[in-house]
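Text of entry05.cif, listed as mmCIF, C-alpha atoms and all ligand atoms:
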data_my_file
loop_
_atom_site.group_PDB
_atom_site.id
_atom_site.type_symbol
_atom_site.label_atom_id
_atom_site.label_comp_id
_atom_site.auth_asym_id
_atom_site.auth_seq_id
_atom_site.Cartn_x
_atom_site.Cartn_y
_atom_site.Cartn_z
ATOM 1 C CA MET C 188 -10.459 8.938 12.042
ATOM 2 C CA ILE C 189 -11.813 6.010 10.121
ATOM 3 C CA GLN C 190 -14.662 4.365 11.957
ATOM 4 C CA SER C 191 -14.747 0.617 12.406
ATOM 5 C CA GLN C 192 -17.280 -1.082 10.263
ATOM 6 C CA GLY C 193 -19.409 -4.066 11.162
ATOM 7 C CA VAL C 194 -17.913 -7.428 10.322
ATOM 8 C CA ASP C 195 -19.684 -10.295 8.662
ATOM 9 C CA LYS C 196 -17.156 -13.105 8.656
ATOM 10 C CA ALA C 197 -19.441 -15.579 6.922
ATOM 11 C CA VAL C 198 -20.546 -13.720 3.795
ATOM 12 C CA GLY C 199 -17.932 -11.012 3.360
ATOM 13 C CA ARG C 200 -16.200 -10.488 0.030
ATOM 14 C CA VAL C 201 -12.892 -11.814 1.450
ATOM 15 C CA SER C 202 -14.246 -14.180 4.101
ATOM 16 C CA GLY C 203 -11.816 -16.891 5.173
ATOM 17 C CA LYS C 204 -8.823 -15.085 3.703
ATOM 18 C CA VAL C 205 -5.757 -13.804 5.545
ATOM 19 C CA ALA C 206 -4.215 -10.472 4.547
ATOM 20 C CA ILE C 207 -1.064 -8.541 5.373
ATOM 21 C CA VAL C 208 -1.282 -4.746 5.014
ATOM 22 C CA THR C 209 1.994 -2.821 5.345
ATOM 23 C CA GLY C 210 1.889 0.767 6.522
ATOM 24 C CA GLY C 211 -1.491 -0.083 7.987
ATOM 25 C CA ALA C 212 -1.344 2.426 10.846
ATOM 26 C CA SER C 213 -2.336 5.465 8.780
ATOM 27 C CA GLY C 214 -4.072 6.786 5.702
ATOM 28 C CA ILE C 215 -4.688 4.393 2.821
ATOM 29 C CA GLY C 216 -3.239 1.331 4.615
ATOM 30 C CA LEU C 217 -5.443 1.937 7.654
ATOM 31 C CA SER C 218 -8.498 2.170 5.425
ATOM 32 C CA CYS C 219 -7.498 -1.025 3.581
ATOM 33 C CA ALA C 220 -7.137 -2.876 6.884
ATOM 34 C CA HIS C 221 -10.619 -1.768 7.978
ATOM 35 C CA ARG C 222 -12.271 -2.578 4.635
ATOM 36 C CA LEU C 223 -10.674 -6.036 4.378
ATOM 37 C CA ALA C 224 -11.572 -6.853 7.988
ATOM 38 C CA ALA C 225 -15.128 -5.616 7.511
ATOM 39 C CA GLU C 226 -15.475 -8.002 4.565
ATOM 40 C CA GLY C 227 -14.329 -10.986 6.597
ATOM 41 C CA ALA C 228 -10.537 -11.236 6.213
ATOM 42 C CA ALA C 229 -8.169 -11.719 9.120
ATOM 43 C CA VAL C 230 -5.739 -8.811 8.808
ATOM 44 C CA VAL C 231 -2.111 -8.561 9.864
ATOM 45 C CA VAL C 232 -1.430 -4.829 10.176
ATOM 46 C CA THR C 233 2.239 -3.902 10.029
ATOM 47 C CA ASP C 234 3.938 -0.522 10.467
ATOM 48 C CA ILE C 235 6.892 1.193 12.118
ATOM 49 C CA GLU C 236 4.388 3.232 14.172
ATOM 50 C CA VAL C 237 3.551 0.977 17.118
ATOM 51 C CA GLY C 238 1.007 3.223 18.860
ATOM 52 C CA ALA C 239 -1.153 3.963 15.822
ATOM 53 C CA GLY C 240 -0.816 0.399 14.533
ATOM 54 C CA SER C 241 -1.935 -1.067 17.849
ATOM 55 C CA GLU C 242 -4.898 1.337 17.937
ATOM 56 C CA ALA C 243 -5.923 0.294 14.442
ATOM 57 C CA VAL C 244 -5.915 -3.372 15.401
ATOM 58 C CA ALA C 245 -7.808 -2.689 18.631
ATOM 59 C CA ALA C 246 -10.524 -0.856 16.673
ATOM 60 C CA ILE C 247 -10.872 -3.702 14.166
ATOM 61 C CA ASN C 248 -11.079 -6.315 16.914
ATOM 62 C CA ALA C 249 -13.558 -4.203 18.912
ATOM 63 C CA ALA C 250 -15.806 -4.144 15.841
ATOM 64 C CA GLY C 251 -15.794 -7.942 15.721
ATOM 65 C CA GLY C 252 -12.949 -8.357 13.267
ATOM 66 C CA ASP C 253 -9.754 -10.368 13.556
ATOM 67 C CA ALA C 254 -6.527 -8.384 13.388
ATOM 68 C CA LEU C 255 -2.944 -8.629 14.608
ATOM 69 C CA PHE C 256 -0.372 -5.831 14.775
ATOM 70 C CA ILE C 257 3.321 -6.486 14.077
ATOM 71 C CA LYS C 258 6.000 -3.803 14.243
ATOM 72 C CA HIS C 259 7.688 -3.949 10.874
ATOM 73 C CA ASP C 260 10.179 -1.875 8.921
ATOM 74 C CA VAL C 261 9.553 -2.897 5.297
ATOM 75 C CA THR C 262 13.191 -2.182 4.368
ATOM 76 C CA SER C 263 14.409 -5.028 6.608
ATOM 77 C CA GLU C 264 14.521 -8.555 5.187
ATOM 78 C CA PRO C 265 14.700 -10.227 8.644
ATOM 79 C CA ALA C 266 11.640 -8.185 9.658
ATOM 80 C CA TRP C 267 9.730 -9.523 6.630
ATOM 81 C CA GLN C 268 10.735 -13.065 7.593
ATOM 82 C CA ASP C 269 9.406 -12.421 11.106
ATOM 83 C CA VAL C 270 6.089 -11.060 9.743
ATOM 84 C CA LEU C 271 5.600 -14.113 7.524
ATOM 85 C CA ALA C 272 6.500 -16.477 10.380
ATOM 86 C CA ALA C 273 4.094 -14.765 12.799
ATOM 87 C CA THR C 274 1.321 -14.781 10.193
ATOM 88 C CA MET C 275 1.743 -18.480 9.460
ATOM 89 C CA GLU C 276 1.994 -19.287 13.163
ATOM 90 C CA LYS C 277 -1.298 -17.537 13.962
ATOM 91 C CA TYR C 278 -3.344 -18.129 10.799
ATOM 92 C CA ALA C 279 -1.510 -20.959 8.960
ATOM 93 C CA ARG C 280 -2.159 -19.363 5.562
ATOM 94 C CA LEU C 281 -1.729 -16.159 3.531
ATOM 95 C CA ASP C 282 -4.042 -15.034 0.713
ATOM 96 C CA ILE C 283 -3.560 -11.288 0.304
ATOM 97 C CA LEU C 284 -0.651 -8.851 0.577
ATOM 98 C CA VAL C 285 -1.152 -5.089 0.298
ATOM 99 C CA ASN C 286 2.296 -3.555 -0.234
ATOM 100 C CA ASN C 287 1.241 -0.082 0.893
ATOM 101 C CA ALA C 288 3.939 1.415 3.146
ATOM 102 C CA GLY C 289 5.517 4.412 1.476
ATOM 103 C CA ILE C 290 6.874 7.912 1.882
ATOM 104 C CA GLY C 291 7.081 10.931 -0.391
ATOM 105 C CA ILE C 292 10.157 13.152 -0.475
ATOM 106 C CA GLY C 293 9.705 16.117 -2.763
ATOM 107 C CA GLY C 294 12.132 18.758 -3.942
ATOM 108 C CA SER C 295 14.537 19.465 -6.793
ATOM 109 C CA ILE C 296 16.635 16.551 -8.020
ATOM 110 C CA VAL C 297 19.743 18.786 -8.049
ATOM 111 C CA ASP C 298 19.354 19.540 -4.347
ATOM 112 C CA MET C 299 18.346 16.078 -3.168
ATOM 113 C CA ALA C 300 20.691 14.359 -0.739
ATOM 114 C CA LEU C 301 21.744 10.880 -1.823
ATOM 115 C CA ALA C 302 20.614 9.644 1.585
ATOM 116 C CA ASP C 303 17.056 10.909 0.923
ATOM 117 C CA TRP C 304 17.026 9.298 -2.549
ATOM 118 C CA GLN C 305 18.168 6.008 -1.036
ATOM 119 C CA ARG C 306 15.743 6.145 1.909
ATOM 120 C CA GLN C 307 12.800 6.687 -0.436
ATOM 121 C CA GLN C 308 13.952 3.884 -2.756
ATOM 122 C CA ALA C 309 14.419 1.589 0.237
ATOM 123 C CA ILE C 310 10.906 2.059 1.609
ATOM 124 C CA ASN C 311 8.916 2.492 -1.620
ATOM 125 C CA LEU C 312 10.702 -0.020 -3.869
ATOM 126 C CA ASP C 313 12.969 -2.330 -1.826
ATOM 127 C CA GLY C 314 10.060 -2.795 0.589
ATOM 128 C CA VAL C 315 7.770 -3.937 -2.227
ATOM 129 C CA PHE C 316 10.472 -6.276 -3.575
ATOM 130 C CA LEU C 317 10.932 -7.878 -0.156
ATOM 131 C CA GLY C 318 7.180 -8.237 0.283
ATOM 132 C CA LEU C 319 6.865 -10.004 -3.053
ATOM 133 C CA LYS C 320 9.877 -12.233 -2.400
ATOM 134 C CA HIS C 321 8.669 -13.459 0.973
ATOM 135 C CA SER C 322 4.905 -13.534 0.423
ATOM 136 C CA ILE C 323 4.604 -15.222 -2.969
ATOM 137 C CA PRO C 324 5.690 -18.673 -1.705
ATOM 138 C CA ALA C 325 3.296 -18.431 1.249
ATOM 139 C CA ILE C 326 0.352 -17.350 -0.940
ATOM 140 C CA ARG C 327 1.178 -19.982 -3.571
ATOM 141 C CA ASP C 328 1.349 -22.700 -0.920
ATOM 142 C CA SER C 329 -2.020 -21.536 0.495
ATOM 143 C CA GLY C 330 -3.677 -22.247 -2.858
ATOM 144 C CA GLY C 331 -3.196 -18.876 -4.536
ATOM 145 C CA GLY C 332 -4.250 -15.304 -3.891
ATOM 146 C CA SER C 333 -3.705 -11.639 -4.659
ATOM 147 C CA ILE C 334 -0.954 -9.070 -4.163
ATOM 148 C CA ILE C 335 -1.727 -5.375 -4.506
ATOM 149 C CA ASN C 336 1.181 -2.954 -4.815
ATOM 150 C CA ILE C 337 0.351 0.672 -4.061
ATOM 151 C CA SER C 338 2.034 2.804 -6.701
ATOM 152 C CA SER C 339 0.700 6.283 -7.581
ATOM 153 C CA VAL C 340 -0.317 8.494 -10.459
ATOM 154 C CA ALA C 341 3.332 9.495 -10.023
ATOM 155 C CA GLY C 342 4.130 6.007 -11.318
ATOM 156 C CA MET C 343 2.190 6.783 -14.504
ATOM 157 C CA LYS C 344 3.521 10.245 -15.330
ATOM 158 C CA GLY C 345 6.263 12.581 -14.172
ATOM 159 C CA ALA C 346 5.927 15.650 -11.984
ATOM 160 C CA ALA C 347 8.391 18.481 -11.350
ATOM 161 C CA ASN C 348 9.964 18.275 -7.889
ATOM 162 C CA LEU C 349 8.751 14.689 -7.499
ATOM 163 C CA ALA C 350 11.263 12.949 -9.780
ATOM 164 C CA ALA C 351 12.767 10.740 -7.089
ATOM 165 C CA TYR C 352 9.277 9.672 -5.967
ATOM 166 C CA ASN C 353 8.398 9.128 -9.662
ATOM 167 C CA ALA C 354 11.366 6.746 -9.899
ATOM 168 C CA THR C 355 10.138 4.628 -6.990
ATOM 169 C CA LYS C 356 6.524 4.490 -8.119
ATOM 170 C CA GLY C 357 7.360 3.843 -11.774
ATOM 171 C CA GLY C 358 9.538 1.023 -10.489
ATOM 172 C CA VAL C 359 6.626 -0.437 -8.541
ATOM 173 C CA ARG C 360 4.460 -0.327 -11.675
ATOM 174 C CA LEU C 361 6.786 -2.409 -13.843
ATOM 175 C CA LEU C 362 7.993 -4.625 -10.991
ATOM 176 C CA THR C 363 4.325 -5.540 -10.606
ATOM 177 C CA LYS C 364 3.959 -6.515 -14.256
ATOM 178 C CA GLY C 365 7.146 -8.591 -14.376
ATOM 179 C CA VAL C 366 6.275 -10.480 -11.213
ATOM 180 C CA ALA C 367 2.674 -10.989 -12.355
ATOM 181 C CA LEU C 368 3.959 -12.654 -15.526
ATOM 182 C CA GLU C 369 6.409 -14.809 -13.585
ATOM 183 C CA CYS C 370 3.616 -16.000 -11.276
ATOM 184 C CA ALA C 371 1.336 -16.650 -14.264
ATOM 185 C CA GLN C 372 4.014 -18.524 -16.216
ATOM 186 C CA ASN C 373 4.730 -20.743 -13.224
ATOM 187 C CA ARG C 374 0.998 -21.338 -12.580
ATOM 188 C CA TRP C 375 1.471 -20.243 -8.973
ATOM 189 C CA GLY C 376 -2.067 -18.880 -8.714
ATOM 190 C CA VAL C 377 -0.795 -15.536 -7.415
ATOM 191 C CA ARG C 378 -2.236 -12.423 -9.063
ATOM 192 C CA VAL C 379 -0.216 -9.199 -8.811
ATOM 193 C CA ASN C 380 -1.653 -5.783 -9.665
ATOM 194 C CA SER C 381 -0.783 -2.158 -8.945
ATOM 195 C CA VAL C 382 -3.047 0.601 -7.681
ATOM 196 C CA HIS C 383 -2.393 4.215 -8.615
ATOM 197 C CA PRO C 384 -4.020 6.727 -6.288
ATOM 198 C CA GLY C 385 -4.285 10.378 -7.257
ATOM 199 C CA ILE C 386 -4.425 13.107 -4.608
ATOM 200 C CA ILE C 387 -5.708 11.415 -1.471
ATOM 201 C CA ASN C 388 -6.309 13.191 1.829
ATOM 202 C CA THR C 389 -3.838 11.455 4.173
ATOM 203 C CA PRO C 390 -1.006 12.477 6.552
ATOM 204 C CA ILE C 391 1.610 11.733 3.848
ATOM 205 C CA TRP C 392 1.170 15.311 2.652
ATOM 206 C CA ASP C 393 2.383 16.622 6.024
ATOM 207 C CA LYS C 394 5.740 14.976 5.410
ATOM 208 C CA VAL C 395 6.452 15.500 1.713
ATOM 209 C CA ASN C 396 9.311 17.895 2.330
ATOM 210 C CA PRO C 397 9.830 19.733 5.621
ATOM 211 C CA ASP C 398 12.100 22.328 4.006
ATOM 212 C CA PHE C 399 9.960 23.003 0.997
ATOM 213 C CA TYR C 400 7.401 25.384 2.453
ATOM 214 C CA GLU C 401 8.755 28.710 3.602
ATOM 215 C CA ASP C 402 5.869 29.503 5.924
ATOM 216 C CA GLY C 403 6.898 26.618 8.144
ATOM 217 C CA GLN C 404 3.807 24.581 7.417
ATOM 218 C CA ASN C 405 4.624 21.311 5.751
ATOM 219 C CA ARG C 406 1.069 20.540 4.801
ATOM 220 C CA VAL C 407 0.453 20.944 1.107
ATOM 221 C CA ASP C 408 -2.687 22.941 0.313
ATOM 222 C CA LEU C 409 -4.796 19.969 -0.711
ATOM 223 C CA ASP C 410 -7.891 22.067 -1.394
ATOM 224 C CA ALA C 411 -5.899 24.042 -3.957
ATOM 225 C CA MET C 412 -4.547 20.811 -5.421
ATOM 226 C CA ALA C 413 -8.066 19.442 -5.726
ATOM 227 C CA GLU C 414 -8.736 22.169 -8.269
ATOM 228 C CA SER C 415 -6.249 20.431 -10.574
ATOM 229 C CA VAL C 416 -8.298 17.217 -10.408
ATOM 230 C CA PRO C 417 -10.758 16.957 -13.320
ATOM 231 C CA ASN C 418 -13.680 16.152 -11.058
ATOM 232 C CA GLY C 419 -12.540 18.796 -8.540
ATOM 233 C CA ILE C 420 -12.720 16.318 -5.665
ATOM 234 C CA LEU C 421 -9.995 15.339 -3.217
ATOM 235 C CA GLY C 422 -9.721 11.558 -2.877
ATOM 236 C CA GLN C 423 -10.328 9.865 0.464
ATOM 237 C CA PRO C 424 -8.519 6.742 1.750
ATOM 238 C CA ASP C 425 -11.681 4.654 1.365
ATOM 239 C CA ASP C 426 -11.759 5.501 -2.368
ATOM 240 C CA VAL C 427 -8.470 3.603 -2.701
ATOM 241 C CA ALA C 428 -9.360 0.879 -0.205
ATOM 242 C CA ASN C 429 -12.494 0.014 -2.179
ATOM 243 C CA GLY C 430 -10.329 -0.674 -5.246
ATOM 244 C CA VAL C 431 -7.870 -2.683 -3.178
ATOM 245 C CA LEU C 432 -10.745 -4.754 -1.759
ATOM 246 C CA PHE C 433 -11.938 -5.585 -5.266
ATOM 247 C CA LEU C 434 -8.434 -6.644 -6.362
ATOM 248 C CA ALA C 435 -8.003 -8.670 -3.164
ATOM 249 C CA SER C 436 -11.278 -10.509 -3.664
ATOM 250 C CA ASP C 437 -12.103 -13.296 -6.090
ATOM 251 C CA GLU C 438 -14.274 -10.786 -7.988
ATOM 252 C CA SER C 439 -11.063 -9.812 -9.836
ATOM 253 C CA SER C 440 -9.885 -13.386 -10.400
ATOM 254 C CA TYR C 441 -9.049 -12.830 -14.108
ATOM 255 C CA MET C 442 -7.010 -9.673 -13.442
ATOM 256 C CA THR C 443 -3.241 -9.764 -13.119
ATOM 257 C CA GLY C 444 -0.379 -7.509 -14.165
ATOM 258 C CA THR C 445 -2.658 -4.543 -14.616
ATOM 259 C CA GLU C 446 -3.078 -1.043 -13.200
ATOM 260 C CA MET C 447 -6.027 0.348 -11.313
ATOM 261 C CA ILE C 448 -5.997 4.156 -11.440
ATOM 262 C CA ILE C 449 -8.098 5.875 -8.749
ATOM 263 C CA ASP C 450 -7.559 9.569 -9.374
ATOM 264 C CA GLY C 451 -10.727 11.513 -10.203
ATOM 265 C CA GLY C 452 -9.570 11.665 -13.818
ATOM 266 C CA LEU C 453 -6.029 13.069 -13.324
ATOM 267 C CA CYS C 454 -4.448 10.599 -15.756
ATOM 268 C CA ALA C 455 -7.245 10.620 -18.306
HETATM 269 N N1 LIG C 501 -1.935 10.131 -0.150
HETATM 270 C C1 LIG C 501 -1.771 10.235 -1.480
HETATM 271 O O1 LIG C 501 -2.166 11.232 -2.098
HETATM 272 C C2 LIG C 501 -1.098 9.126 -2.240
HETATM 273 C C3 LIG C 501 -1.140 9.174 -3.636
HETATM 274 C C4 LIG C 501 -0.526 8.171 -4.372
HETATM 275 C C5 LIG C 501 0.104 7.129 -3.714
HETATM 276 N N2 LIG C 501 0.144 7.101 -2.364
HETATM 277 C C6 LIG C 501 0.832 5.971 -1.743
HETATM 278 O O2 LIG C 501 -0.035 5.332 -0.839
HETATM 279 C C7 LIG C 501 0.729 4.672 0.174
HETATM 280 C C8 LIG C 501 0.174 5.039 1.538
HETATM 281 O O3 LIG C 501 0.352 6.436 1.729
HETATM 282 P P1 LIG C 501 -0.592 7.333 2.665
HETATM 283 O O4 LIG C 501 -0.969 8.503 1.854
HETATM 284 O O5 LIG C 501 -1.608 6.520 3.304
HETATM 285 O O6 LIG C 501 0.516 7.840 3.707
HETATM 286 P P2 LIG C 501 0.578 7.834 5.316
HETATM 287 O O7 LIG C 501 1.787 8.629 5.654
HETATM 288 O O8 LIG C 501 -0.742 8.243 5.886
HETATM 289 O O9 LIG C 501 0.795 6.289 5.660
HETATM 290 C C9 LIG C 501 1.978 5.625 5.339
HETATM 291 C C10 LIG C 501 2.274 4.616 6.423
HETATM 292 O O10 LIG C 501 3.492 3.933 6.069
HETATM 293 C C11 LIG C 501 4.256 3.784 7.243
HETATM 294 N N3 LIG C 501 5.672 3.611 6.951
HETATM 295 C C12 LIG C 501 6.557 4.544 6.547
HETATM 296 N N4 LIG C 501 7.783 4.015 6.446
HETATM 297 C C13 LIG C 501 7.656 2.700 6.771
HETATM 298 C C14 LIG C 501 8.575 1.615 6.839
HETATM 299 N N5 LIG C 501 9.877 1.778 6.579
HETATM 300 N N6 LIG C 501 8.093 0.394 7.191
HETATM 301 C C15 LIG C 501 6.782 0.233 7.472
HETATM 302 N N7 LIG C 501 5.884 1.222 7.443
HETATM 303 C C16 LIG C 501 6.322 2.441 7.089
HETATM 304 C C17 LIG C 501 3.990 5.063 8.041
HETATM 305 O O11 LIG C 501 4.328 4.906 9.410
HETATM 306 C C18 LIG C 501 2.503 5.270 7.796
HETATM 307 O O12 LIG C 501 1.720 4.638 8.786
HETATM 308 C C19 LIG C 501 2.184 5.077 -0.057
HETATM 309 O O13 LIG C 501 2.856 4.059 -0.751
HETATM 310 C C20 LIG C 501 2.042 6.326 -0.913
HETATM 311 O O14 LIG C 501 3.186 6.558 -1.690
HETATM 312 C C21 LIG C 501 -0.445 8.073 -1.606
#
Conversion result in structure tokens:
Amino acid sequence: MIQSQGVDKAVGRVSGKVAIVTGGASGIGLSCAHRLAAEGAAVVVTDIEVGAGSEAVAAINAAGGDALFIKHDVTSEPAWQDVLAATMEKYARLDILVNNAGIGIGGSIVDMALADWQRQQAINLDGVFLGLKHSIPAIRDSGGGSIINISSVAGMKGAANLAAYNATKGGVRLLTKGVALECAQNRWGVRVNSVHPGIINTPIWDKVNPDFYEDGQNRVDLDAMAESVPNGILGQPDDVANGVLFLASDESSYMTGTEMIIDGGLCA
């Protein structure tokens, strides 16, 4: 469980900014919500998981932060419109979007059900598209800001039995670049970058493919996977959140359309 961190609203690295974090109830999104709040941003946490999302917001507020939970399925365009409306109603601006919600469905491409392919595309890629579509005007009209799309090392290189996930995360990588250039060309003041985590210790690994592990345990052996990482270390959600915080802040104001790889050297 990520502990709440003290909040300094006046001198934080994202003080005065308003952020939306999708999939903020768990793992990397939860860590991003805590880090952004601890550095002074008001954070709108969205997720399909109401219980965990509400707990996340309660912890941030208890630590002196400012957070709001909204139930949100990122595949739904009306739900995105509701999230933007609620954000503008409460905070009257938007500076940061972390398009983080995602799932991983592993397994052979020749066995994959079309429904599973489409569900993964809908959450991992359609969800990012809808976030960009509905947040860019709000960020532009607030004077500019930063969008961070969570891709993966699987968006940089292929992996056997992860091809469908590769397709979604490779899509996020180039969607990011195209949109970054559109924002730049139009002088909208909206920076758009992608983050590519390696093997990070989160609950996503419990759900990668329920049928894939014959011993009945869905959890991938992350300690064994860590041995494939050049530095031998399993990533933690805060490792990714620290990169997201930098891209969200004005410290990265000359960065757009680029990739931040946080992987212990996997892609090197
Ligand atoms: N953990 C890793 O090793 C790793 C590596 C590379 C990339 N990523 C990416 O990081 C992101 C976060 O993953 P995580 O590891 O924290 O996983 P996680 O399972 O801990 O968290 C994902 C969150 O997204 C939410 N979510 C799922 N479907 C949703 C939907 N339709 N609408 C809104 N929310 C939804 C879940 O409820 C959950 O709270 C994902 O995009 C994932 O692909 C993770």
Taking only residues of chain C that have an atom at most 7 Å from an atom of ligand LIG 501 (chain C), what is each one's shortest atom pair and its distance in Å to one decimal, using only C-alpha atoms and all ligand atoms, in chain and number order, as JSON lines?
{"residue": "C:Thr209", "atom": "CA", "partner": "C:LIG501", "partner_atom": "N7", "distance": 6.0}
{"residue": "C:Gly210", "atom": "CA", "partner": "C:LIG501", "partner_atom": "O10", "distance": 3.6}
{"residue": "C:Gly211", "atom": "CA", "partner": "C:LIG501", "partner_atom": "O12", "distance": 5.8}
{"residue": "C:Ala212", "atom": "CA", "partner": "C:LIG501", "partner_atom": "O12", "distance": 4.3}
{"residue": "C:Ser213", "atom": "CA", "partner": "C:LIG501", "partner_atom": "O12", "distance": 4.1}
{"residue": "C:Gly214", "atom": "CA", "partner": "C:LIG501", "partner_atom": "O5", "distance": 3.4}
{"residue": "C:Ile215", "atom": "CA", "partner": "C:LIG501", "partner_atom": "O5", "distance": 3.8}
{"residue": "C:Gly216", "atom": "CA", "partner": "C:LIG501", "partner_atom": "O5", "distance": 5.6}
{"residue": "C:Thr233", "atom": "CA", "partner": "C:LIG501", "partner_atom": "C15", "distance": 6.7}
{"residue": "C:Asp234", "atom": "CA", "partner": "C:LIG501", "partner_atom": "N7", "distance": 4.0}
{"residue": "C:Ile235", "atom": "CA", "partner": "C:LIG501", "partner_atom": "C15", "distance": 4.7}
{"residue": "C:Glu236", "atom": "CA", "partner": "C:LIG501", "partner_atom": "O11", "distance": 5.0}
{"residue": "C:His259", "atom": "CA", "partner": "C:LIG501", "partner_atom": "C15", "distance": 5.5}
{"residue": "C:Asp260", "atom": "CA", "partner": "C:LIG501", "partner_atom": "N6", "distance": 3.5}
{"residue": "C:Val261", "atom": "CA", "partner": "C:LIG501", "partner_atom": "N6", "distance": 4.1}
{"residue": "C:Thr262", "atom": "CA", "partner": "C:LIG501", "partner_atom": "N5", "distance": 5.6}
{"residue": "C:Asn287", "atom": "CA", "partner": "C:LIG501", "partner_atom": "O13", "distance": 4.7}
{"residue": "C:Ala288", "atom": "CA", "partner": "C:LIG501", "partner_atom": "O10", "distance": 3.9}
{"residue": "C:Gly289", "atom": "CA", "partner": "C:LIG501", "partner_atom": "O13", "distance": 3.5}
{"residue": "C:Ile290", "atom": "CA", "partner": "C:LIG501", "partner_atom": "O14", "distance": 5.3}
{"residue": "C:Gly291", "atom": "CA", "partner": "C:LIG501", "partner_atom": "O14", "distance": 6.0}
{"residue": "C:Ile310", "atom": "CA", "partner": "C:LIG501", "partner_atom": "N5", "distance": 5.1}
{"residue": "C:Asn311", "atom": "CA", "partner": "C:LIG501", "partner_atom": "O13", "distance": 6.3}
{"residue": "C:Ile337", "atom": "CA", "partner": "C:LIG501", "partner_atom": "O13", "distance": 5.4}
{"residue": "C:Ser338", "atom": "CA", "partner": "C:LIG501", "partner_atom": "C5", "distance": 5.6}
{"residue": "C:Ser339", "atom": "CA", "partner": "C:LIG501", "partner_atom": "C4", "distance": 3.9}
{"residue": "C:Val340", "atom": "CA", "partner": "C:LIG501", "partner_atom": "C4", "distance": 6.1}
{"residue": "C:Ala341", "atom": "CA", "partner": "C:LIG501", "partner_atom": "C4", "distance": 7.0}
{"residue": "C:His383", "atom": "CA", "partner": "C:LIG501", "partner_atom": "C4", "distance": 6.1}
{"residue": "C:Pro384", "atom": "CA", "partner": "C:LIG501", "partner_atom": "C4", "distance": 4.2}
{"residue": "C:Gly385", "atom": "CA", "partner": "C:LIG501", "partner_atom": "C3", "distance": 4.9}
{"residue": "C:Ile386", "atom": "CA", "partner": "C:LIG501", "partner_atom": "O1", "distance": 3.9}
{"residue": "C:Ile387", "atom": "CA", "partner": "C:LIG501", "partner_atom": "O1", "distance": 3.6}
{"residue": "C:Asn388", "atom": "CA", "partner": "C:LIG501", "partner_atom": "N1", "distance": 5.7}
{"residue": "C:Thr389", "atom": "CA", "partner": "C:LIG501", "partner_atom": "O4", "distance": 4.7}
{"residue": "C:Pro390", "atom": "CA", "partner": "C:LIG501", "partner_atom": "O8", "distance": 4.3}
{"residue": "C:Ile391", "atom": "CA", "partner": "C:LIG501", "partner_atom": "O7", "distance": 3.6}
{"residue": "C:Trp392", "atom": "CA", "partner": "C:LIG501", "partner_atom": "N1", "distance": 6.7}
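Taking atom CA of C:Gly444 as the reference point, atom CA of C:Val198 is found at 27.7 Å.
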Contact table stretch 315-395 of chain C vs stretch 306-309 of chain C, cut-off 12 Å, shortest pair per residue, only C-alpha atoms, as a Markdown table:
| residue | atom | partner | partner_atom | distance |
| --- | --- | --- | --- | --- |
| C:Val315 | CA | C:Ala309 | CA | 9.0 |
| C:Phe316 | CA | C:Ala309 | CA | 9.6 |
| C:Leu317 | CA | C:Ala309 | CA | 10.1 |
| C:Leu349 | CA | C:Gln307 | CA | 11.4 |
| C:Ala350 | CA | C:Gln307 | CA | 11.4 |
| C:Ala351 | CA | C:Gln307 | CA | 7.8 |
| C:Tyr352 | CA | C:Gln307 | CA | 7.2 |
| C:Asn353 | CA | C:Gln308 | CA | 10.3 |
| C:Ala354 | CA | C:Gln308 | CA | 8.1 |
| C:Thr355 | CA | C:Gln308 | CA | 5.7 |
| C:Lys356 | CA | C:Gln308 | CA | 9.2 |
| C:Gly357 | CA | C:Gln308 | CA | 11.2 |
| C:Gly358 | CA | C:Gln308 | CA | 9.4 |
| C:Val359 | CA | C:Gln308 | CA | 10.3 |
| C:Val395 | CA | C:Gln307 | CA | 11.1 |
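Between C:Asn373 and the residues C:Met275, C:Leu301, C:Ile323, C:Val232, the shortest atom-to-atom distance, using only C-alpha atoms, involves C:Ile323.
Atom CA of C:Ile207 is positioned 11.0 Å from atom CA of C:Ala224.
This file gives the following result for the PyMOL selection byres (((chain C and resi 200) around 8) and not hetatm): Val198, Gly199, Val201, Ser202, Glu226, Gly227, Ser436 and Asp437 of chain C.
Shortest atom-to-atom contact with C:Val205 among C:Asn380, C:Ser333, C:Gln423, C:Ser415: C:Ser333, counting all atoms listed in the file.
Atom CA of C:Ala229 lies 13.3 Å from atom CA of C:Ala243.
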Excluding same-chain residues fewer than 3 positions from stretch 447-455 of chain C, what lies within 12 Å of it counting only C-alpha atoms, as a count of residues only?
50
Take the PyMOL selection byres (((chain C and resi 245-254) around 12) and not hetatm), run it mentally on this structure, and tell me the resulting residues as a PyMOL selection string.
chain C and resi 188-197+199+202-208+211-212+217-233+238-244+255-257+274+277-278
